[in-house]
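Asks: One structure is given below, represented as structure tokens, and several questions about it will come after.
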Amino acid sequence: MAEKKVKKEKTPRVKMPEQAPDVRNRNFEEVPLGLTPEMAQMEAARCLQCKKPACVEGCPVSVNIPGFIRKIVDGDFAGATATLWEKNALPAVCGRVCPQEIQCEGRCIVGKKGEPVAIGYLERFAADYARKSGNVALPAVAEKTGKKVAVVGSGPSGLTVAGDLILKGHDVTIFEAFHKTGGVLVYGIPEFRLPKDIVGSEVATLEQLGVKIETNNVVGTTVTVDELLEEGYDAVYVGVGAGLPRFMNLPGENLIGVFSANEYLTRTNLMKAYLFPKYDTPVAKGKNVVILGAGNVAMDSARTAMRLGAESVKVVYRRSREEMPARAEELHHAEEEGIEFVLLTNPVQFFGDESGRLTGMECLKMELGEPDASGRRRPLPIEGSEYKMDCDLVVVSVGAKANPLLTNATPEIGLNQWGNIIADPATGKTTKKGVWAGGDIVTGMATVILAMGAGREAADSIHNYLTLGW
Amino acid sequence: MFKIVQREEMAQGTIVLNEIEAPRIAAKAKPGQFVILQANETGERIPLTMADVDTEKGTITIIYMIVGKSTSLFGSMAVGQEYYAVIGPLGKATHLEKKGKVVCVGGGTGIAVLHPITRGLKEVGNEVITILGSRNKDLLIMEEKMAKVSDTLHICTDDGSQGHHGFVTDVLKDVLEKEDIGLVVAIGPVPMMKFVSMITKEKNVETLVSLNPIMVDGTGMCGGCRVSVGGETKFACVDGPEFDGHNVDYDELSKRLQAYQTEEKISMDACQCK
Ligand SMILES: Cc1cc2nc3c(=O)[nH]c(=O)nc-3n(C[C@H](O)[C@H](O)[C@H](O)COP(=O)(O)OP(=O)(O)OC[C@H]3O[C@@H](n4cnc5c(N)ncnc54)[C@H](O)[C@@H]3O)c2cc1C
Ligand SMILES: Cc1cc2nc3c(=O)[nH]c(=O)nc-3n(C[C@H](O)[C@H](O)[C@H](O)COP(=O)(O)OP(=O)(O)OC[C@H]3O[C@@H](n4cnc5c(N)ncnc54)[C@H](O)[C@@H]3O)c2cc1C
Ligand code: SF4
Ligand code: SF4
Ligand code: FES
């Protein structure tokens, strides 16, 4: 027994096979290639099967982590996926995009002395295995209740609600503004990080279970929430995300060549501009690209610019390395791919030529002062440190706000001072009877798994309402 | 869904009309609002104003000038074929109000956009003076339809082949001299809207223009359609497309419309739809 334990500690954390940095930074194929069954089983054996697993506390939806890992050890990969599905409808997605280092893996006991168990990789492995093997048994659908639910928005949060409620026997229709479903998973997160086939197959499963989908329907204008209720929907879930770009309001921001990350990524991912002219939508290709911000959105923009052929890509961020909010893996991948980080630097204004095209940017150096409200040290400008940086493409990736299109049309849905919908954190109930909300439209831009968690709680609450009352 | 039920060519085939099945949109559309269309899965999202709607039939009508790849592709579609996506109604509706005497100025396919607005202004009791412009007689569209919803109709052609020989702005100046005008609505090429606004600003006459920046989603989520109005950045798809003509930065708009010139040429050259 003791011998076995020693052996366990010695097995190093599995290394994910990846495309080489100098190859992948010019293509849009997925970067991590996935674990082989042998690698997955080796890695799974590193888990100590804790009685009180700390990792589970770190997971916002309390996935039974030791449970699914045990099944991988036993070679029961389909069983592992079934265990994941109990708490998480999109494991193939979460395994790829969760910030594991501050969630499940951040708490893993093995990580105290060495490297934590690669929970994300294992989650991805099991889900991919199940999808590729094709013999996934569809979960049983309860007897029809005759109740109708409208889900607005097909991001991770809406998809979760739709999946949960169809299984409980309700009639579910998803209303999506775009021509494709998936929300940020299709229009924001690039192919090289999350292949669109994965999202597509999740949606196809929902359709097989009976979920109806109405794309090209902008709720708030094509139809309003009130009209949906009048049309006979018994409940409405609003999961429309944080779809309003933030700009910095700097001089020159309307020059050609300055984009919001939303526009840049939507053109590239949703409209497939990286395949132009096979696809009709173009996207600007910069030589010297600057990305403003340092979250996941910024890293996706930077790595996209590199793949579109940039000579140099700089991430300009006003704080220091420690404060960069992106997932650790994204920062690591970005750096490997040749993206430069220009830290403690803030843009002041943009310069252009007579045809209105961007030519450069003025920056100011910053230093860190006392901690601010967020607990992070506040960046302060260093006087007289202005300097010019040449660039022909800037992607502003400094966050997103709540899009008011839906809520303007339904004033009974209460909003907070930032325009986010006020929803009961435990149930997702809004101030309007029969209407729930969750995900980024409530919290501001957060994470896929939090949006899904909110969806699950709302689905439970909607089910209670439909069977018991408000 | 989104089936073409009627198709017409105008102005020697340079402008095409499509009537499309879109019941949800038809039920809600108001004058001044637009839709975004995609011909097929690989297509671009293209904004076009609804020139008409038929709530009973559940159809909308668009009228577009063939200028590049996507409009060529649209133009190549026959009755019975379907658009892959039509989204709307988008943008704010025109605020139709009784002002007394109003002038509606239209150029190119701007005339199609102007038609429902003109009709609306007439219906709420305004006396409508309409001024239409085009390069020559053969390129002029919707003359009869516009005549029906106007009290007075002036035509201007650049080459003098019909009506006044010269620009719409000449006639507009004249009208503003003689009449007491409460509102001018100008829809057409950017330079036309710019010059109309310059003239009406001098005379201090309220002026509405409809802007056509490059768009992607049309719902306020990308910011690609931003325009400067009165020194503030606005998103034309949700804050507009109509704005106070006196405050628009037309030069910025003109430049931003050139953003993808190179790509548009590549796209057109690769297109089988010419
Ligand atoms: C580029 C990028 C990278 C990211 N990377 C990560 C990551 O690595 N890890 C992570 O955990 N999180 C990441 N996030 C954040 C994460 O994607 C979001 O928190 C999550 O997608 C929110 O889910 P949601 O369901 O609330 O909304 P969304 O995913 O935003 O989906 C909302 C959907 O609603 C639709 N919609 C909007 N308005 C309407 C309307 N009026 N009518 C009908 N439909 C409407 C939208 O078109 C969209 O499809 C990233 C975000 C971005 C933008
Ligand atoms: C709100 C709005 C309403 C409009 N209504 C009408 C209308 O009723 N009838 C009509 O003929 N035209 C209208 N337009 C203009 C029409 O959208 C463009 O002519 C069309 O997009 C050209 O596409 P293309 O691929 O054929 O040409 P391209 O070769 O791609 O472009 C030709 C020019 O059109 C503009 N353009 C290109 N892509 C877009 C885009 N995605 N969005 C907007 N402009 C673009 C650019 O300035 C470009 O230089 C409207 C535009 C807007 C924004
Ligand atoms: S859902 Fe995310 S946080 Fe939870 S176990 Fe999976 S990867 Fe970790
Ligand atoms: S904390 Fe780590 S070792 Fe313990 S059960 Fe979770 S993954 Fe396994
Ligand atoms: S078109 Fe994207 S915000 Fe207006």
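Ligands are numbered from 1 in the order shown, residues from 1 within each chain, and chains are lettered A, B, ... in the order they appear in the structure tokens.
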If you take only C-alpha atoms and all ligand atoms and a cut-off of 7 Å, which residues of chain B touch ligand 2, and what are their nearest atom pairs and distances in Å to one decimal, in chain and number order, as CSV?
Replies:
```
residue,atom,partner,partner_atom_place_in_ligand_line,distance
B:Phe34,CA,ligand 2,1 (C),5.8
B:Glu44,CA,ligand 2,41 (N),6.6
B:Arg45,CA,ligand 2,41 (N),5.6
B:Ile46,CA,ligand 2,41 (N),4.6
B:Pro47,CA,ligand 2,17 (O),4.4
B:Leu48,CA,ligand 2,5 (N),3.5
B:Thr49,CA,ligand 2,8 (O),4.0
B:Met50,CA,ligand 2,8 (O),6.4
B:Ala51,CA,ligand 2,8 (O),6.8
B:Ile62,CA,ligand 2,8 (O),6.2
B:Ile63,CA,ligand 2,9 (N),5.3
B:Tyr64,CA,ligand 2,11 (O),3.2
B:Met65,CA,ligand 2,11 (O),3.9
B:Ile66,CA,ligand 2,26 (O),5.9
B:Val67,CA,ligand 2,26 (O),4.7
B:Gly68,CA,ligand 2,27 (O),3.3
B:Lys69,CA,ligand 2,25 (O),4.2
B:Ser70,CA,ligand 2,25 (O),3.6
B:Thr71,CA,ligand 2,26 (O),3.6
B:Ser72,CA,ligand 2,26 (O),6.0
B:Thr109,CA,ligand 2,11 (O),5.0
B:Gly110,CA,ligand 2,8 (O),6.5
B:Ala112,CA,ligand 2,8 (O),6.2
B:Val113,CA,ligand 2,8 (O),5.3
B:Leu211,CA,ligand 2,53 (C),6.3
B:Asn212,CA,ligand 2,53 (C),3.3
B:Pro213,CA,ligand 2,53 (C),4.7
B:Ile214,CA,ligand 2,43 (C),3.4
B:Met215,CA,ligand 2,42 (N),4.1
B:Val216,CA,ligand 2,41 (N),5.7
B:Cys237,CA,ligand 2,1 (C),6.5
B:Pro241,CA,ligand 2,1 (C),5.6
B:Leu257,CA,ligand 2,47 (O),3.7
B:Gln258,CA,ligand 2,49 (O),5.1
B:Tyr260,CA,ligand 2,49 (O),6.6
B:Gln261,CA,ligand 2,49 (O),5.8
B:Glu264,CA,ligand 2,29 (O),4.4
B:Lys265,CA,ligand 2,29 (O),6.6
B:Met268,CA,ligand 2,29 (O),6.7
```
Asks: Set the cut-off to 9 Å and count only C-alpha atoms: what are the residues of chain B that reach chain A? Output as a PyMOL selection string.
Replies: chain B and resi 24-25+27-29+41-45+69-70+84-90+216-217+219-224+226-228+233+238+252+255-256+258-260+263-264+266-267+270
Asks: From the set A:Glu412, A:Glu386, A:Asp74, A:Glu123, which residue has the shortest atom-to-atom contact distance to ligand 3, counting only C-alpha atoms and all ligand atoms?
Replies: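 Among the listed residues, A:Glu123 lies closest to ligand 3.
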Asks: With distances taken over only C-alpha atoms and all ligand atoms, which residue among A:Asn408, A:Ser320, A:Asn269, A:Gln100 lies nearest ligand 3?
Replies: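 Among the listed residues, the smallest separation from ligand 3 belongs to A:Gln100.
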Asks: Write as a PyMOL selection string the residues around ligand 1, taking 7 Å as the cut-off and counting only C-alpha atoms and all ligand atoms.
Replies: chain A and resi 97-99+152-158+175-178+181-185+188-189+217-220+239-243+262+265+296-297+300+327+405-406+438-441+445-449+451
Asks: Just the selected residues (C-alpha atoms), exported as a JSON list (two decimals), in the first residue's frame, please.
Replies:
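Generated file (result.json):
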```json
[["chain", "number", "residue", "atom", "x", "y", "z"],
["A", 97, "VAL", "CA", -12.38, 26.61, -21.29],
["A", 98, "CYS", "CA", -12.88, 26.56, -17.51],
["A", 99, "PRO", "CA", -10.22, 28.48, -15.58],
["A", 152, "VAL", "CA", -33.93, 33.50, -25.08],
["A", 153, "GLY", "CA", -30.31, 33.19, -26.11],
["A", 154, "SER", "CA", -28.44, 30.01, -27.02],
["A", 155, "GLY", "CA", -25.23, 30.53, -25.06],
["A", 156, "PRO", "CA", -24.12, 28.02, -22.42],
["A", 157, "SER", "CA", -26.70, 29.28, -19.98],
["A", 158, "GLY", "CA", -29.68, 29.04, -22.36],
["A", 175, "PHE", "CA", -34.97, 32.02, -29.57],
["A", 176, "GLU", "CA", -31.59, 33.15, -30.88],
["A", 177, "ALA", "CA", -30.74, 36.49, -32.50],
["A", 178, "PHE", "CA", -27.97, 35.13, -34.69],
["A", 181, "THR", "CA", -26.65, 28.73, -31.90],
["A", 182, "GLY", "CA", -24.01, 28.62, -29.17],
["A", 183, "GLY", "CA", -23.56, 32.24, -28.05],
["A", 184, "VAL", "CA", -20.00, 33.19, -27.19],
["A", 185, "LEU", "CA", -19.01, 29.57, -27.79],
["A", 188, "GLY", "CA", -16.42, 34.65, -29.51],
["A", 189, "ILE", "CA", -14.17, 31.73, -28.60],
["A", 217, "ASN", "CA", -35.15, 36.04, -33.82],
["A", 218, "VAL", "CA", -34.06, 39.10, -31.85],
["A", 219, "VAL", "CA", -36.22, 39.10, -28.76],
["A", 220, "GLY", "CA", -37.09, 42.68, -27.93],
["A", 239, "GLY", "CA", -29.85, 34.29, -21.15],
["A", 240, "VAL", "CA", -28.76, 36.91, -23.65],
["A", 241, "GLY", "CA", -25.20, 37.38, -22.41],
["A", 242, "ALA", "CA", -23.18, 40.57, -22.17],
["A", 243, "GLY", "CA", -23.44, 41.71, -25.75],
["A", 262, "ASN", "CA", -16.83, 41.52, -30.41],
["A", 265, "LEU", "CA", -14.04, 37.85, -33.24],
["A", 296, "ASN", "CA", -9.52, 35.59, -22.29],
["A", 297, "VAL", "CA", -11.10, 37.81, -24.93],
["A", 300, "ASP", "CA", -8.29, 35.12, -28.25],
["A", 327, "ARG", "CA", -6.70, 31.58, -17.98],
["A", 405, "LEU", "CA", -32.27, 45.65, -26.65],
["A", 406, "LEU", "CA", -34.42, 43.10, -24.85],
["A", 438, "GLY", "CA", -29.06, 34.06, -15.72],
["A", 439, "GLY", "CA", -25.53, 34.07, -17.09],
["A", 440, "ASP", "CA", -23.65, 37.13, -18.26],
["A", 441, "ILE", "CA", -26.79, 39.30, -18.59],
["A", 445, "MET", "CA", -19.12, 38.82, -18.31],
["A", 446, "ALA", "CA", -18.07, 35.82, -16.19],
["A", 447, "THR", "CA", -17.42, 32.23, -17.20],
["A", 448, "VAL", "CA", -19.07, 29.46, -19.16],
["A", 449, "ILE", "CA", -19.48, 27.29, -16.11],
["A", 451, "ALA", "CA", -23.51, 30.78, -16.83]]
```
Asks: Which residues form the shell of 9 Å around ligand 3 when you count only C-alpha atoms and all ligand atoms, given as a count of residues only?
Replies: 36
Asks: Can you tell me which residues come within 6 Å of ligand 4 when counting only C-alpha atoms and all ligand atoms, ideally as a list in words?
Replies: Cys47, Leu48, Gln49, Cys50, Pro53, Ala54, Cys55, Pro66, Cys108, Ile109, Val110 and Val117 of chain A
Asks: Limited to N, CA, C and O atoms, could you put the picked residues into a file as a PDB file, in the first residue's frame?
Replies:
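Written file, out_14.pdb:
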```
ATOM      1  N   CYS A  47      -5.079  10.695  -9.166  1.00  0.00           N
ATOM      2  CA  CYS A  47      -6.094  11.204  -8.240  1.00  0.00           C
ATOM      3  C   CYS A  47      -6.118  10.314  -6.997  1.00  0.00           C
ATOM      4  O   CYS A  47      -6.122   9.090  -7.092  1.00  0.00           O
ATOM      5  N   LEU A  48      -6.155  10.930  -5.823  1.00  0.00           N
ATOM      6  CA  LEU A  48      -6.114  10.180  -4.560  1.00  0.00           C
ATOM      7  C   LEU A  48      -7.500   9.730  -4.116  1.00  0.00           C
ATOM      8  O   LEU A  48      -7.657   9.121  -3.068  1.00  0.00           O
ATOM      9  N   GLN A  49      -8.541  10.044  -4.925  1.00  0.00           N
ATOM     10  CA  GLN A  49      -9.910   9.649  -4.579  1.00  0.00           C
ATOM     11  C   GLN A  49     -10.252  10.120  -3.157  1.00  0.00           C
ATOM     12  O   GLN A  49     -10.699   9.347  -2.305  1.00  0.00           O
ATOM     13  N   CYS A  50     -10.018  11.379  -2.896  1.00  0.00           N
ATOM     14  CA  CYS A  50     -10.228  11.948  -1.558  1.00  0.00           C
ATOM     15  C   CYS A  50     -11.650  11.706  -1.062  1.00  0.00           C
ATOM     16  O   CYS A  50     -12.608  11.780  -1.823  1.00  0.00           O
ATOM     17  N   PRO A  53     -13.376  15.588  -1.135  1.00  0.00           N
ATOM     18  CA  PRO A  53     -12.589  16.160  -2.231  1.00  0.00           C
ATOM     19  C   PRO A  53     -12.676  17.693  -2.296  1.00  0.00           C
ATOM     20  O   PRO A  53     -13.754  18.246  -2.476  1.00  0.00           O
ATOM     21  N   ALA A  54     -11.539  18.336  -2.127  1.00  0.00           N
ATOM     22  CA  ALA A  54     -11.490  19.799  -2.173  1.00  0.00           C
ATOM     23  C   ALA A  54     -11.783  20.299  -3.584  1.00  0.00           C
ATOM     24  O   ALA A  54     -12.371  21.367  -3.779  1.00  0.00           O
ATOM     25  N   CYS A  55     -11.377  19.513  -4.574  1.00  0.00           N
ATOM     26  CA  CYS A  55     -11.580  19.912  -5.967  1.00  0.00           C
ATOM     27  C   CYS A  55     -13.051  20.204  -6.248  1.00  0.00           C
ATOM     28  O   CYS A  55     -13.382  21.154  -6.949  1.00  0.00           O
ATOM     29  N   PRO A  66     -13.905  13.025  -8.262  1.00  0.00           N
ATOM     30  CA  PRO A  66     -13.315  11.697  -8.033  1.00  0.00           C
ATOM     31  C   PRO A  66     -14.148  10.596  -8.678  1.00  0.00           C
ATOM     32  O   PRO A  66     -13.597   9.609  -9.181  1.00  0.00           O
ATOM     33  N   CYS A 108      -7.151  21.099  -5.804  1.00  0.00           N
ATOM     34  CA  CYS A 108      -6.762  19.687  -5.753  1.00  0.00           C
ATOM     35  C   CYS A 108      -5.604  19.486  -4.774  1.00  0.00           C
ATOM     36  O   CYS A 108      -4.600  20.195  -4.802  1.00  0.00           O
ATOM     37  N   ILE A 109      -5.761  18.484  -3.926  1.00  0.00           N
ATOM     38  CA  ILE A 109      -4.808  18.221  -2.843  1.00  0.00           C
ATOM     39  C   ILE A 109      -3.424  17.840  -3.389  1.00  0.00           C
ATOM     40  O   ILE A 109      -2.402  18.204  -2.822  1.00  0.00           O
ATOM     41  N   VAL A 110      -3.421  17.146  -4.512  1.00  0.00           N
ATOM     42  CA  VAL A 110      -2.148  16.739  -5.125  1.00  0.00           C
ATOM     43  C   VAL A 110      -1.350  17.985  -5.525  1.00  0.00           C
ATOM     44  O   VAL A 110      -0.113  17.976  -5.553  1.00  0.00           O
ATOM     45  N   VAL A 117      -3.959  17.247 -10.236  1.00  0.00           N
ATOM     46  CA  VAL A 117      -4.509  16.328 -11.233  1.00  0.00           C
ATOM     47  C   VAL A 117      -5.105  17.165 -12.370  1.00  0.00           C
ATOM     48  O   VAL A 117      -5.759  18.175 -12.132  1.00  0.00           O
TER      49      VAL A 117
END
```
Asks: Can you check which residues of range 101-192 of chain A DSSP gives as strand (DSSP E) on the backbone and send them as a ChimeraX atom specification?
Replies: /A:148-152,171-175
Asks: Deliver the residues from the most recent selection as a file, using N, CA, C and O atoms, as a PDB file, in the first residue's frame.
Replies:
```pdb
ATOM      1  N   LYS A 148     -45.117  25.106 -21.751  1.00  0.00           N
ATOM      2  CA  LYS A 148     -44.195  25.634 -22.766  1.00  0.00           C
ATOM      3  C   LYS A 148     -43.229  26.647 -22.174  1.00  0.00           C
ATOM      4  O   LYS A 148     -43.642  27.559 -21.453  1.00  0.00           O
ATOM      5  N   VAL A 149     -41.954  26.489 -22.521  1.00  0.00           N
ATOM      6  CA  VAL A 149     -40.937  27.421 -22.032  1.00  0.00           C
ATOM      7  C   VAL A 149     -40.188  28.031 -23.213  1.00  0.00           C
ATOM      8  O   VAL A 149     -39.800  27.317 -24.142  1.00  0.00           O
ATOM      9  N   ALA A 150     -40.001  29.347 -23.151  1.00  0.00           N
ATOM     10  CA  ALA A 150     -39.179  30.035 -24.155  1.00  0.00           C
ATOM     11  C   ALA A 150     -37.829  30.351 -23.534  1.00  0.00           C
ATOM     12  O   ALA A 150     -37.763  30.915 -22.441  1.00  0.00           O
ATOM     13  N   VAL A 151     -36.764  29.969 -24.201  1.00  0.00           N
ATOM     14  CA  VAL A 151     -35.414  30.277 -23.731  1.00  0.00           C
ATOM     15  C   VAL A 151     -34.823  31.297 -24.699  1.00  0.00           C
ATOM     16  O   VAL A 151     -34.737  31.030 -25.906  1.00  0.00           O
ATOM     17  N   VAL A 152     -34.454  32.455 -24.198  1.00  0.00           N
ATOM     18  CA  VAL A 152     -33.933  33.501 -25.078  1.00  0.00           C
ATOM     19  C   VAL A 152     -32.412  33.528 -24.979  1.00  0.00           C
ATOM     20  O   VAL A 152     -31.852  33.782 -23.919  1.00  0.00           O
ATOM     21  N   ASP A 171     -42.164  21.586 -22.986  1.00  0.00           N
ATOM     22  CA  ASP A 171     -41.919  21.937 -24.377  1.00  0.00           C
ATOM     23  C   ASP A 171     -40.966  23.127 -24.378  1.00  0.00           C
ATOM     24  O   ASP A 171     -41.258  24.118 -23.720  1.00  0.00           O
ATOM     25  N   VAL A 172     -39.844  23.032 -25.077  1.00  0.00           N
ATOM     26  CA  VAL A 172     -38.868  24.136 -25.011  1.00  0.00           C
ATOM     27  C   VAL A 172     -38.545  24.666 -26.409  1.00  0.00           C
ATOM     28  O   VAL A 172     -38.277  23.898 -27.327  1.00  0.00           O
ATOM     29  N   THR A 173     -38.589  25.990 -26.542  1.00  0.00           N
ATOM     30  CA  THR A 173     -38.143  26.628 -27.779  1.00  0.00           C
ATOM     31  C   THR A 173     -37.063  27.644 -27.434  1.00  0.00           C
ATOM     32  O   THR A 173     -37.236  28.469 -26.537  1.00  0.00           O
ATOM     33  N   ILE A 174     -35.947  27.562 -28.162  1.00  0.00           N
ATOM     34  CA  ILE A 174     -34.871  28.543 -27.987  1.00  0.00           C
ATOM     35  C   ILE A 174     -35.026  29.629 -29.051  1.00  0.00           C
ATOM     36  O   ILE A 174     -35.214  29.317 -30.231  1.00  0.00           O
ATOM     37  N   PHE A 175     -34.958  30.888 -28.634  1.00  0.00           N
ATOM     38  CA  PHE A 175     -34.970  32.016 -29.569  1.00  0.00           C
ATOM     39  C   PHE A 175     -33.581  32.631 -29.600  1.00  0.00           C
ATOM     40  O   PHE A 175     -33.079  33.082 -28.564  1.00  0.00           O
TER      41      PHE A 175
END
```
Asks: Excluding Lys432 in chain A and any residue of its chain fewer than 6 positions from it, enumerate the residues within 12 Å of it, using only C-alpha atoms, and give them as a ChimeraX atom specification.
Replies: /A:225-226,229,235-238,407,410-415,421-424,470
Asks: Could you give me, as a PyMOL selection string, the residues within 10 Å of Lys98 in chain B, counting only C-alpha atoms and dropping anything in the same chain fewer than 6 positions from it?
Replies: chain B and resi 121-127+182-183
Asks: Can you tell me which residues surround Lys92 in chain B at a distance of at most 8 Å, considering only C-alpha atoms, apart from same-chain residues fewer than 5 positions away, and format the answer as a list of chain:residue names?
Replies: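 Contacts, in chain order: B:Gly32, B:Gln33, B:Val238, B:Asp239, B:Gly240, B:Pro241, B:Glu242.
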Asks: Would you mind exporting N, CA, C and O atoms of the selected residues as a PDB file, in the first residue's frame?
Replies:
```pdb
ATOM      1  N   GLY B  32     -38.769  53.196 -41.714  1.00  0.00           N
ATOM      2  CA  GLY B  32     -37.444  53.587 -41.257  1.00  0.00           C
ATOM      3  C   GLY B  32     -36.636  52.417 -40.739  1.00  0.00           C
ATOM      4  O   GLY B  32     -35.427  52.528 -40.560  1.00  0.00           O
ATOM      5  N   GLN B  33     -37.288  51.291 -40.500  1.00  0.00           N
ATOM      6  CA  GLN B  33     -36.542  50.149 -39.944  1.00  0.00           C
ATOM      7  C   GLN B  33     -35.945  49.285 -41.057  1.00  0.00           C
ATOM      8  O   GLN B  33     -36.389  49.333 -42.201  1.00  0.00           O
ATOM      9  N   VAL B 238     -28.696  50.577 -33.624  1.00  0.00           N
ATOM     10  CA  VAL B 238     -29.668  50.650 -32.531  1.00  0.00           C
ATOM     11  C   VAL B 238     -30.050  52.086 -32.162  1.00  0.00           C
ATOM     12  O   VAL B 238     -31.184  52.361 -31.780  1.00  0.00           O
ATOM     13  N   ASP B 239     -29.097  53.016 -32.265  1.00  0.00           N
ATOM     14  CA  ASP B 239     -29.406  54.419 -31.956  1.00  0.00           C
ATOM     15  C   ASP B 239     -30.031  55.103 -33.168  1.00  0.00           C
ATOM     16  O   ASP B 239     -30.630  56.166 -33.056  1.00  0.00           O
ATOM     17  N   GLY B 240     -29.850  54.536 -34.342  1.00  0.00           N
ATOM     18  CA  GLY B 240     -30.336  55.101 -35.591  1.00  0.00           C
ATOM     19  C   GLY B 240     -31.223  54.110 -36.288  1.00  0.00           C
ATOM     20  O   GLY B 240     -31.924  53.377 -35.616  1.00  0.00           O
ATOM     21  N   PRO B 241     -31.202  53.985 -37.633  1.00  0.00           N
ATOM     22  CA  PRO B 241     -30.209  54.619 -38.523  1.00  0.00           C
ATOM     23  C   PRO B 241     -30.449  56.107 -38.787  1.00  0.00           C
ATOM     24  O   PRO B 241     -29.619  56.736 -39.426  1.00  0.00           O
ATOM     25  N   GLU B 242     -31.574  56.678 -38.274  1.00  0.00           N
ATOM     26  CA  GLU B 242     -31.825  58.089 -38.568  1.00  0.00           C
ATOM     27  C   GLU B 242     -31.236  58.974 -37.487  1.00  0.00           C
ATOM     28  O   GLU B 242     -31.316  58.677 -36.297  1.00  0.00           O
TER      29      GLU B 242
END
```
Asks: Residues within 10 Å of Tyr129 in chain A, please, as an MDAnalysis selection string. Count only C-alpha atoms; anything in the same chain fewer than 4 positions from it doesn't count.
Replies: chainID A and resid 34:37 77:78 80:81 92 123:125 133:136
Asks: Got time to write the residues from that selection, N, CA, C and O atoms, as a CSV table (one decimal), in the first residue's frame?
Replies:
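So part09.csv came out as:
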```csv
chain,number,residue,atom,x,y,z
A,34,GLY,N,-5.5,16.6,-27.4
A,34,GLY,CA,-6.3,15.6,-26.6
A,34,GLY,C,-5.4,14.4,-26.1
A,34,GLY,O,-4.4,14.1,-26.7
A,35,LEU,N,-5.9,13.8,-25.0
A,35,LEU,CA,-5.1,12.7,-24.4
A,35,LEU,C,-5.5,11.4,-25.1
A,35,LEU,O,-6.6,11.2,-25.5
A,36,THR,N,-4.6,10.5,-25.2
A,36,THR,CA,-4.9,9.1,-25.6
A,36,THR,C,-5.5,8.4,-24.4
A,36,THR,O,-5.3,8.8,-23.2
A,37,PRO,N,-6.2,7.3,-24.6
A,37,PRO,CA,-6.8,6.6,-23.4
A,37,PRO,C,-5.7,6.2,-22.4
A,37,PRO,O,-6.0,6.3,-21.2
A,77,PHE,N,-15.2,4.7,-19.9
A,77,PHE,CA,-15.2,6.1,-20.4
A,77,PHE,C,-16.6,6.6,-20.5
A,77,PHE,O,-16.9,7.8,-20.2
A,78,ALA,N,-17.5,5.8,-21.0
A,78,ALA,CA,-18.9,6.2,-21.2
A,78,ALA,C,-19.5,6.5,-19.8
A,78,ALA,O,-20.2,7.5,-19.6
A,80,ALA,N,-17.8,7.5,-17.3
A,80,ALA,CA,-17.2,8.8,-16.8
A,80,ALA,C,-18.0,10.0,-17.3
A,80,ALA,O,-18.3,10.9,-16.6
A,81,THR,N,-18.4,9.9,-18.6
A,81,THR,CA,-19.2,11.0,-19.2
A,81,THR,C,-20.5,11.1,-18.6
A,81,THR,O,-21.0,12.2,-18.3
A,92,ALA,N,-17.4,18.7,-22.7
A,92,ALA,CA,-16.4,18.8,-23.7
A,92,ALA,C,-16.0,20.3,-23.8
A,92,ALA,O,-14.8,20.7,-24.1
A,123,GLU,N,-11.7,15.7,-18.1
A,123,GLU,CA,-13.1,16.0,-18.5
A,123,GLU,C,-13.3,16.0,-20.0
A,123,GLU,O,-14.2,15.4,-20.5
A,124,ARG,N,-12.3,16.7,-20.6
A,124,ARG,CA,-12.3,16.8,-22.1
A,124,ARG,C,-12.2,15.5,-22.7
A,124,ARG,O,-12.9,15.1,-23.6
A,125,PHE,N,-11.3,14.7,-22.2
A,125,PHE,CA,-11.0,13.3,-22.7
A,125,PHE,C,-12.3,12.5,-22.7
A,125,PHE,O,-12.7,11.9,-23.7
A,133,SER,N,-17.2,8.2,-30.1
A,133,SER,CA,-17.6,6.8,-30.2
A,133,SER,C,-19.0,6.7,-30.7
A,133,SER,O,-19.4,5.7,-31.2
A,134,GLY,N,-19.8,7.8,-30.5
A,134,GLY,CA,-21.1,7.8,-31.1
A,134,GLY,C,-22.2,7.0,-30.3
A,134,GLY,O,-23.3,7.1,-30.6
A,135,ASN,N,-21.8,6.1,-29.4
A,135,ASN,CA,-22.8,5.3,-28.7
A,135,ASN,C,-23.2,5.9,-27.4
A,135,ASN,O,-23.1,5.3,-26.4
A,136,VAL,N,-23.6,7.2,-27.5
A,136,VAL,CA,-24.0,7.9,-26.3
A,136,VAL,C,-25.5,7.7,-26.2
A,136,VAL,O,-26.3,8.0,-27.1
```
Asks: Applying 7 Å and only C-alpha atoms, which residues near Thr427 in chain A remain after dropping the ones on its own chain fewer than 2 positions away? List them as a list in words.
Replies: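 The residues that qualify are Asp424, Pro425, Lys429, Glu457, Ala458 and Ser461 of chain A.
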Asks: Compare B:Gly91, B:Gly107, B:Gly188, B:Gly100 by their minimum atom-to-atom distance to ligand 5, counting only C-alpha atoms and all ligand atoms, and give me the closest one.
Replies: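 So, comparing all the options, the nearest one is B:Gly91.
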